Structure formats: C-alpha cells, structure tokens
Amino acid sequence: PHKTDGVGAVAAGKRGISGQTTEVQYLKPDERSGHDIALTVDVNAGVKIEKIDCPSHAVHKKKHGPETATVTLSSRDSIPNKDFILRYKVAGTKLKHSFISHAAQDGNYFTLMLYPPEDLDNSCRVLMEMIFVIDCSGSMSGRPIAMAKAAAKRAIKKLGPNDTFQVIRFSSDASQLGAYPVLATPENIRRGLRYIDDLDSGGGTMMVEGIKAALDFPHDPTRLRLVSFMTDGYIGNEAEILAAIHGRLGSSRIFSFGVGDSVNRYLLDRMAKLGRGAVAYIGLDDSAARAIDLFYDRVRHPALMDVSIDWGGLQVSDVYPSRIPDIFPGRPIILTGRYASNAPTDIRITGKVGDVYRQRTIPVLNDEAYRGHDGVRFVWARKRIEELNSRSTYDSNPELKNEIRNVALRYGLMSAYTAFLAVDSSTRTAGDHGVTVTVPVPVPDGVRYETTVQN
C-alpha cells in the first residue's frame, strides 16, 4: 500500500501533488527567497582545543584561551541551503577526560567527556563482518551516488582476508549481493566491486527495507558486525526506521556515512546512537578516500568496547545515553546525568580491548572548580528529550509525549511538541483565526532539483 506518512518534496505552489501528509515546497535552483542567516558559536570544549575547522562555510575564528573560541559565519556565505558543519579537534596522544557539573536549585547535574587518543598502534585489530548498505534513490543522483559507490569500494578493498562482507542496495525496495556475508577473498572482492559498479540511482527511498535486509542476517559471534549505511537520508519516515533498528539490532553496530552537503543529520545521528556506533559525513567537496581511510582505520581498532562505568559514591541517576557507546580512536563519548553526593570519589571505567578487560580510574573532587558550568543542566535536558524521542519510536506509551513536553517547558527548550514563537505586538491582523502561509525554501545544496522535486 502507498504510504502517506513521509515528507513530500514539491515545487513552489504545487501543494498536494506528492500524496504525503507533510510536504516541503522548494524554489528552483535559480530562485532565491529573502531569508539569509547569521550564526555565532561559542565553543567551550572542557579540554584543550587542538584545531578548529568549518568545511561547509566561510567563517571568522577567534580563540580566547586553550579551551574556548568563538566562530562567526561570514556575511558572504549566508544562504540557508546546507548544513553548517563545525569541527574542533581535542584528541591527542593519550586519553583525555573532563568532568564538569552544576549545582542548581532542582539538583546537581554533570557531564563526563572521554576523548580517546588518535594513536592506533596500541589498539587491537578485531575481525570484522562489514555490511554496506548503499542508497540508490533519486535524491542520490549524480555526485552523491558516485561518492557513495567510491567510498564503499574503497572500504571493501581495505578488508582483511579473514573479514567478511555483504553489499545491499535500497531505493523502493532492497536487493543484495548474496544470501549471507562472504569472506573477503580476492574473487569475492571482485564480485563486490562489480556489483557496486552496476548500481544506479532512481526511485523512492525505502530505507527501512535496507535496514531489515542488513540486520536480519545471522550474525557470526566471533566478529564485530558493522552495518554501514551510505545515504543522504533524504526521507521522512524516521520513526519507522528507528523502530526497525531497535527491534533488529542485536549485537550489531551501526556506522553510517552521510553523503552530500544537506544530509538528514537528525536521522543518521539517531541511527548511530541507537546502534551503538558512529557517523561520518562526506561533503561534495570532501575527499571520499580520505574520509573512508580515517573512518575504517579507527573502527577496526576500538579503544574500548562493551563499556561499563562504576560511578563510585556520586549516587547518579538518569544518565544519558542509557546505552554507553564503544570508544574508538578520535571519537569521544559524552555522558550526562544527575547526582546526589558531593563527596570526593573515584569513577571506574571498564571495557574490552580485543579479549582483554581494562580499567581506568578518574578521581572526582567535585569542588567549586568542577561546579561552575550552568550549561550542563540544559545539556542533560536535551539528552533526556533525545532519549525520550528515541523511545517513542518503539514504545507506544502515551505518557512519553507529555514527558517530552514537560521537560522542554521546564528547561525552556524546543522539542517536537514545543516551539519558540516570535509575536509581533505592534500590529493586529483582522479576523478571529490564524492563517498558514507556506514559505518555499531553497533546494538543498548538492541535491538535484529535477530528480528530487515533484512539479
């Protein structure tokens, strides 16, 4: 049956032609709206910042100290048609950590940040079971599908002879290279490369079919199974996708590549968090080869897996994310929660490197040097909303909606059920009801108007 709960992409003024309940109207590539953006970001990393970079926009950067900086968007790059990407590097030659907290009237809040080293030499390489899922829908036409195919091919060539792999394509449905993952022998690698070469873009985006095909394979427990999606995520049924991941994940990890300059980061970030993995983004001007090499060199050498934390005497509660992700070189984890005790204590972090369990102890003095960060309270609230949103995709409890709304209102945050409204009190419109005004927006940078937007 035809689904109507997605998001339709239609031309300006063509309301209702997509058959979807929700639609976005897009301007033609040579059309402009009168809306530009201004943006300033204040960065406080908690540890020394090694480098700041913005690959998507022209910006002005100013460092105020070892841990802080301000980044301002240039007025020459203010068209709102692509993601603003800001990267700052804090990883060095050894594991770094930062524990910050805030004592508020409604309780104590904390954030623990763990920054693993970039060095791969001391990390153990594990056997891999790689499942590559490539988006072949119409929005990937042109450069995005070419980059996705090049990335997948390079990743397959980097597999070891004892690794296994599988390739799945999805658009309106899903098809695959074979019935199960195969060893990365020279012949199987050649088969995989030919299969990828023959892929072409076209059709809708039924990502959930790709997810089902990828996660329903029997899993080899001796290998680390990584399911890698290569997509722009240009779809609207996020809830169905996240529910499918929750129900089928098992021991798999999800590592995704967002391809293009206007990727659905909401979806890919949520997939990675729910899938205990990570996500990397390849812009149309980025090097796919460099991104693939860096990404897979890291995921092959996990710094710490199956992580658990003994919080000592902190008496913690409501810690998010509730499922602690693995730690990979160059990829930090951030945990935030509430605590009851201010007494000095030790936090003990335990996990596996290969088959060996390791432990690290972090002393927490919890004195005034730790407790002056009032933003931690709002970080916790955002993470709670995020966790509740993820639960709502597979849990039908009607109270989740009310809890999200209550947290958003209590902490002054935006959510799916709250909004910030700007009210012009200088003019009162005629009538006794509001009027909905549709505002067409620029087509996302890097997305082909003619293959994506319905006229």
# chains A, B, ... in the order shown; residues from 1 in each chain; ligands from 1
$ residues_around --residues "segment 278-295 of chain A" --least-positions-apart "4" --cutoff "6 Å" --atoms "only C-alpha atoms" --output "number ranges by chain"
A: 151, 255-261, 272
$ write_last_selection --atoms "N, CA, C and O atoms" --output "PDB file, in the first residue's frame"
ATOM      1  N   ALA A 151      33.194   5.333  -2.004  1.00  0.00           N
ATOM      2  CA  ALA A 151      33.510   5.082  -0.598  1.00  0.00           C
ATOM      3  C   ALA A 151      33.361   3.602  -0.256  1.00  0.00           C
ATOM      4  O   ALA A 151      34.215   3.012   0.417  1.00  0.00           O
ATOM      5  N   PHE A 255      27.371   2.094  11.728  1.00  0.00           N
ATOM      6  CA  PHE A 255      28.288   3.177  11.369  1.00  0.00           C
ATOM      7  C   PHE A 255      27.852   3.705  10.011  1.00  0.00           C
ATOM      8  O   PHE A 255      27.874   2.968   9.030  1.00  0.00           O
ATOM      9  N   SER A 256      27.449   4.960   9.980  1.00  0.00           N
ATOM     10  CA  SER A 256      26.867   5.497   8.764  1.00  0.00           C
ATOM     11  C   SER A 256      27.727   6.594   8.150  1.00  0.00           C
ATOM     12  O   SER A 256      28.445   7.300   8.853  1.00  0.00           O
ATOM     13  N   PHE A 257      27.601   6.713   6.821  1.00  0.00           N
ATOM     14  CA  PHE A 257      28.204   7.817   6.085  1.00  0.00           C
ATOM     15  C   PHE A 257      27.088   8.676   5.522  1.00  0.00           C
ATOM     16  O   PHE A 257      26.271   8.193   4.735  1.00  0.00           O
ATOM     17  N   GLY A 258      27.055   9.942   5.916  1.00  0.00           N
ATOM     18  CA  GLY A 258      26.142  10.893   5.315  1.00  0.00           C
ATOM     19  C   GLY A 258      26.826  11.509   4.106  1.00  0.00           C
ATOM     20  O   GLY A 258      27.876  12.137   4.240  1.00  0.00           O
ATOM     21  N   VAL A 259      26.251  11.320   2.922  1.00  0.00           N
ATOM     22  CA  VAL A 259      26.877  11.751   1.675  1.00  0.00           C
ATOM     23  C   VAL A 259      26.152  12.986   1.144  1.00  0.00           C
ATOM     24  O   VAL A 259      24.939  12.961   0.940  1.00  0.00           O
ATOM     25  N   GLY A 260      26.882  14.083   0.924  1.00  0.00           N
ATOM     26  CA  GLY A 260      26.298  15.299   0.387  1.00  0.00           C
ATOM     27  C   GLY A 260      26.410  16.455   1.365  1.00  0.00           C
ATOM     28  O   GLY A 260      26.877  16.298   2.498  1.00  0.00           O
ATOM     29  N   ASP A 261      25.936  17.614   0.937  1.00  0.00           N
ATOM     30  CA  ASP A 261      26.047  18.824   1.754  1.00  0.00           C
ATOM     31  C   ASP A 261      24.781  19.131   2.552  1.00  0.00           C
ATOM     32  O   ASP A 261      24.751  20.087   3.319  1.00  0.00           O
ATOM     33  N   ALA A 272      23.057   6.128  14.598  1.00  0.00           N
ATOM     34  CA  ALA A 272      24.354   5.773  15.178  1.00  0.00           C
ATOM     35  C   ALA A 272      24.247   5.601  16.685  1.00  0.00           C
ATOM     36  O   ALA A 272      24.829   4.675  17.261  1.00  0.00           O
TER      37      ALA A 272
END
$ residues_around --residues "Arg360 of chain A" --least-positions-apart "3" --cutoff "9 Å" --atoms "only C-alpha atoms" --output "PDB file with N, CA, C and O atoms, in the first residue's frame"
ATOM      1  N   ILE A 347      35.630   7.452  39.811  1.00  0.00           N
ATOM      2  CA  ILE A 347      34.828   6.810  38.773  1.00  0.00           C
ATOM      3  C   ILE A 347      35.701   5.761  38.102  1.00  0.00           C
ATOM      4  O   ILE A 347      36.839   6.035  37.725  1.00  0.00           O
ATOM      5  N   ARG A 348      35.180   4.542  37.947  1.00  0.00           N
ATOM      6  CA  ARG A 348      35.942   3.459  37.331  1.00  0.00           C
ATOM      7  C   ARG A 348      35.277   3.050  36.017  1.00  0.00           C
ATOM      8  O   ARG A 348      34.111   2.687  35.996  1.00  0.00           O
ATOM      9  N   ILE A 349      36.050   3.111  34.945  1.00  0.00           N
ATOM     10  CA  ILE A 349      35.567   2.788  33.602  1.00  0.00           C
ATOM     11  C   ILE A 349      36.187   1.464  33.175  1.00  0.00           C
ATOM     12  O   ILE A 349      37.414   1.310  33.179  1.00  0.00           O
ATOM     13  N   THR A 350      35.346   0.506  32.804  1.00  0.00           N
ATOM     14  CA  THR A 350      35.811  -0.834  32.426  1.00  0.00           C
ATOM     15  C   THR A 350      35.316  -1.157  31.020  1.00  0.00           C
ATOM     16  O   THR A 350      34.194  -0.809  30.645  1.00  0.00           O
TER      17      THR A 350
END
$ select_by_dssp --residues "segment 98-327 of chain A" --states "strand (DSSP E)" --output "ChimeraX atom specification"
/A:98-104,107-115,128-135,164-170,174-176,182-183,224-231,253-259,278-282,305-310,316-320
$ closest_residue --among "A:Pro440, A:Gly351, A:Gly16, A:Pro302" --to "Pro329 of chain A" --atoms "only C-alpha atoms"
A:Pro302
$ select_by_dssp --residues "segment 175-397 of chain A" --states "alpha helix (DSSP H)" --output "PyMOL selection string"
chain A and resi 186-197+207-215+238-248+265-274+288-299+375-392
$ write_last_selection --atoms "C-alpha atoms" --output "compact mmCIF listing (two decimals), in the first residue's frame"
# COMPACT_ATOMS: atom_id res chain seq x y z
CA PRO A 186 40.18 -11.67 -3.96
CA GLU A 187 37.38 -13.26 -6.02
CA ASN A 188 34.61 -12.15 -3.64
CA ILE A 189 36.05 -8.63 -3.51
CA ARG A 190 35.97 -8.50 -7.32
CA ARG A 191 32.32 -9.65 -7.22
CA GLY A 192 31.51 -6.95 -4.70
CA LEU A 193 33.19 -4.23 -6.75
CA ARG A 194 31.32 -5.30 -9.90
CA TYR A 195 28.02 -5.28 -8.00
CA ILE A 196 28.68 -1.73 -6.78
CA ASP A 197 29.73 -0.55 -10.25
CA MET A 207 15.48 2.88 3.77
CA VAL A 208 13.63 0.61 6.18
CA GLU A 209 13.89 -2.22 3.62
CA GLY A 210 17.67 -1.78 3.54
CA ILE A 211 17.75 -1.88 7.35
CA LYS A 212 15.72 -5.09 7.52
CA ALA A 213 17.91 -6.74 4.89
CA ALA A 214 21.11 -5.67 6.69
CA LEU A 215 20.15 -6.62 10.24
CA GLU A 238 12.42 8.42 10.60
CA ALA A 239 10.23 6.83 13.29
CA GLU A 240 9.71 3.63 11.27
CA ILE A 241 13.44 3.38 10.58
CA LEU A 242 14.48 3.85 14.21
CA ALA A 243 11.86 1.34 15.34
CA ALA A 244 13.26 -1.23 12.89
CA ILE A 245 16.79 -0.68 14.24
CA HIS A 246 15.63 -1.08 17.84
CA GLY A 247 13.83 -4.33 17.08
CA ARG A 248 16.58 -5.91 14.99
CA ARG A 265 21.73 14.54 10.27
CA TYR A 266 18.86 14.06 12.67
CA LEU A 267 18.24 10.58 11.29
CA LEU A 268 21.85 9.45 10.84
CA ASP A 269 22.92 10.72 14.27
CA ARG A 270 19.97 8.90 15.89
CA MET A 271 20.75 5.71 13.96
CA ALA A 272 24.35 5.77 15.18
CA LYS A 273 23.38 6.39 18.80
CA LEU A 274 20.67 3.75 18.83
CA ALA A 288 35.83 10.24 -0.02
CA ALA A 289 39.10 8.29 0.02
CA ARG A 290 40.50 10.27 2.95
CA ALA A 291 37.25 10.01 4.92
CA ILE A 292 36.99 6.25 4.35
CA ASP A 293 40.63 5.61 5.29
CA LEU A 294 40.35 7.59 8.51
CA PHE A 295 36.97 6.15 9.47
CA TYR A 296 37.70 2.47 8.90
CA ASP A 297 41.21 2.59 10.32
CA ARG A 298 39.57 3.79 13.52
CA VAL A 299 36.63 1.38 13.70
CA GLY A 375 25.06 24.91 30.77
CA VAL A 376 25.33 21.29 31.96
CA ARG A 377 21.74 21.46 33.21
CA PHE A 378 20.48 22.17 29.70
CA VAL A 379 22.76 19.57 28.12
CA TRP A 380 21.14 17.00 30.41
CA ALA A 381 17.63 18.18 29.50
CA ARG A 382 18.36 17.99 25.75
CA LYS A 383 19.77 14.48 26.14
CA ARG A 384 16.69 13.41 28.12
CA ILE A 385 14.40 14.74 25.37
CA GLU A 386 16.54 12.94 22.80
CA GLU A 387 16.28 9.67 24.74
CA LEU A 388 12.51 10.01 25.16
CA ASN A 389 12.12 10.77 21.45
CA SER A 390 14.06 7.62 20.57
CA ARG A 391 11.90 5.55 22.94
CA SER A 392 8.73 6.94 21.38
$ closest_atom_pairs --of "segment 197-258 of chain A" --to "segment 155-173 of chain A" --cutoff "10 Å" --atoms "only C-alpha atoms" --output "CSV"
residue,atom,partner,partner_atom,distance
A:Leu199,CA,A:Arg169,CA,7.7
A:Asp200,CA,A:Arg169,CA,9.5
A:Ser201,CA,A:Ser171,CA,7.9
A:Gly202,CA,A:Ser171,CA,7.1
A:Gly203,CA,A:Ser171,CA,5.8
A:Gly204,CA,A:Ser172,CA,4.9
A:Thr205,CA,A:Ser171,CA,4.6
A:Met206,CA,A:Ser172,CA,5.0
A:Met207,CA,A:Phe170,CA,6.4
A:Val208,CA,A:Asp173,CA,8.8
A:Glu209,CA,A:Asp173,CA,5.9
A:Gly210,CA,A:Phe170,CA,5.4
A:Ile211,CA,A:Phe170,CA,9.0
A:Ala213,CA,A:Ile168,CA,7.5
A:Ala214,CA,A:Ile168,CA,7.2
A:Phe217,CA,A:Gln166,CA,9.8
A:Asp220,CA,A:Thr164,CA,9.6
A:Arg223,CA,A:Asp163,CA,8.0
A:Leu224,CA,A:Asp163,CA,9.5
A:Arg225,CA,A:Thr164,CA,9.2
A:Leu226,CA,A:Phe165,CA,9.4
A:Val227,CA,A:Gln166,CA,9.4
A:Ser228,CA,A:Val167,CA,9.6
A:Phe229,CA,A:Ile168,CA,9.3
A:Met230,CA,A:Arg169,CA,9.6
A:Thr231,CA,A:Phe170,CA,9.8
$ closest_residue --among "A:Lys14, A:Arg338, A:His373, A:Lys89" --to "Pro116 of chain A" --atoms "only C-alpha atoms"
A:Lys89
$ residues_around --residues "Gly277 of chain A" --least-positions-apart "6" --cutoff "7 Å" --atoms "only C-alpha atoms" --output "VMD selection string"
chain A and resid 253 to 255 325
